[in-house]
Amino acid sequence: MILDIRTFGDPVLREKCAPVTEIDDEVRRLAADMQETMYDADGIGLAAPQVGVPIRLFVYDVRQEGISPGVLVNPEIVEEEGAVKEEEGCLSIPGLSETVERSESIVARGLGLDGEPVEIRADGILSRCIQHEKDHLDGILFLDRVSPLKRKILLAKWRKQERD
Ligand code: ZN
């Protein structure tokens with residue numbers, strides 16, 4: 001089922017999401033719906049609060065050869081190295097993008113939908129995607145990671161876009 005993607009201004013995007021305590025059928029259904037929603041919106045990642053559910057889970061598919069799509073439950077970033085600036089956007093802030101500095105490579109840990117521990121060593125687009133989605137679970141948006149001046153410009157653009 002394709003879910004509604006919440007957009008900037010919706011308070012759920014600012015929530016500190018709760019850990020998933022049990023990976024049951026409801027959680028698995030949500031993850032499947034989120035994957036469908038992500039593909040429908042042509043995104044490479046989607047976090048649960050973006051569909052209005054403030055729990056710690058995201059789905060991703062960076063569509064790069066050799067990197068399988070996946071779901072990460074209760075993710076933590078346990079190692080970070082380097083820094084890299086790249087253009088970034090967000091399904092919850094359609095129409096806007098900006099250069100965002102992120103760690104270059106990371107190690108993320110969490111659980112898969114089978115409840116088994118997962119460890120992901122990532123760089124490039126997958127590293128950026130995981131950092132962006134993990135931020136969503138803490139109520140952080142890419143707008144929060146740009147300079148105050150750039151944020152001001154982006155917010156003005158957003159208001160204009162909303163008005164038109
Ligand atoms: Zn996003």
# chains A, B, ... in the order shown; residues from 1 in each chain; ligands from 1
call {"tool": "residues_around", "arguments": {"residues": "Glu15 (chain A)", "least_positions_apart": "4", "cutoff": "8 Å", "atoms": "only C-alpha atoms", "output": "ChimeraX atom specification"}}
result
/A:11,49,54,137-139
call {"tool": "residues_around", "arguments": {"residues": "Leu126 (chain A)", "least_positions_apart": "3", "cutoff": "12 Å", "atoms": "only C-alpha atoms", "output": "PyMOL selection string"}}
result
chain A and resi 44-45+59-70+102-108+120-123+129-134
call {"tool": "residues_near_ligand", "arguments": {"ligand": "ligand 1", "cutoff": "6 Å", "atoms": "only C-alpha atoms and all ligand atoms", "output": "MDAnalysis selection string"}}
result
chainID A and resid 90:92
call {"tool": "select_by_dssp", "arguments": {"residues": "region 5-161 of chain A", "states": "strand (DSSP E)", "output": "count of residues only"}}
result
45
call {"tool": "closest_residue", "arguments": {"among": "A:Asp10, A:Asp144, A:Glu76, A:Glu26", "to": "Arg109 (chain A)", "atoms": "only C-alpha atoms"}}
result
A:Glu76
call {"tool": "closest_residue", "arguments": {"among": "A:Ile55, A:Leu113, A:Ile140, A:Val118", "to": "Ala32 (chain A)", "atoms": "only C-alpha atoms"}}
result
A:Leu113
call {"tool": "residues_around", "arguments": {"residues": "Glu36 (chain A)", "least_positions_apart": "5", "cutoff": "12 Å", "atoms": "only C-alpha atoms", "output": "PyMOL selection string"}}
result
chain A and resi 1-5+29-31+41-46+51+59-61
call {"tool": "write_last_selection", "arguments": {"atoms": "C-alpha atoms", "output": "tab-separated table (two decimals), in the first residue's frame"}}
result
chain	number	residue	atom	x	y	z
A	1	MET	CA	0.00	0.00	0.00
A	2	ILE	CA	1.35	3.41	-0.92
A	3	LEU	CA	1.39	5.69	2.13
A	4	ASP	CA	1.15	9.47	2.35
A	5	ILE	CA	4.55	11.11	2.68
A	29	ARG	CA	3.80	-4.65	6.89
A	30	LEU	CA	4.87	-1.06	7.54
A	31	ALA	CA	8.34	-1.75	6.09
A	41	ALA	CA	8.12	8.45	-5.10
A	42	ASP	CA	11.39	7.53	-6.86
A	43	GLY	CA	13.39	7.98	-3.65
A	44	ILE	CA	16.44	6.08	-2.43
A	45	GLY	CA	15.46	6.03	1.25
A	46	LEU	CA	12.44	6.55	3.50
A	51	VAL	CA	4.90	8.26	6.72
A	59	VAL	CA	14.17	1.47	4.19
A	60	TYR	CA	16.71	2.17	1.46
A	61	ASP	CA	17.61	1.22	-2.08
call {"tool": "closest_residue", "arguments": {"among": "A:Ile125, A:Met38, A:Val100, A:Leu13", "to": "Glu87 (chain A)", "atoms": "only C-alpha atoms"}}
result
A:Val100
call {"tool": "closest_residue", "arguments": {"among": "A:Gly110, A:Gly124, A:Pro75, A:Gly95", "to": "Arg159 (chain A)", "atoms": "only C-alpha atoms"}}
result
A:Gly95
call {"tool": "closest_residue", "arguments": {"among": "A:Leu141, A:Leu111, A:Met34, A:Val27", "to": "Val12 (chain A)", "atoms": "only C-alpha atoms"}}
result
A:Leu141
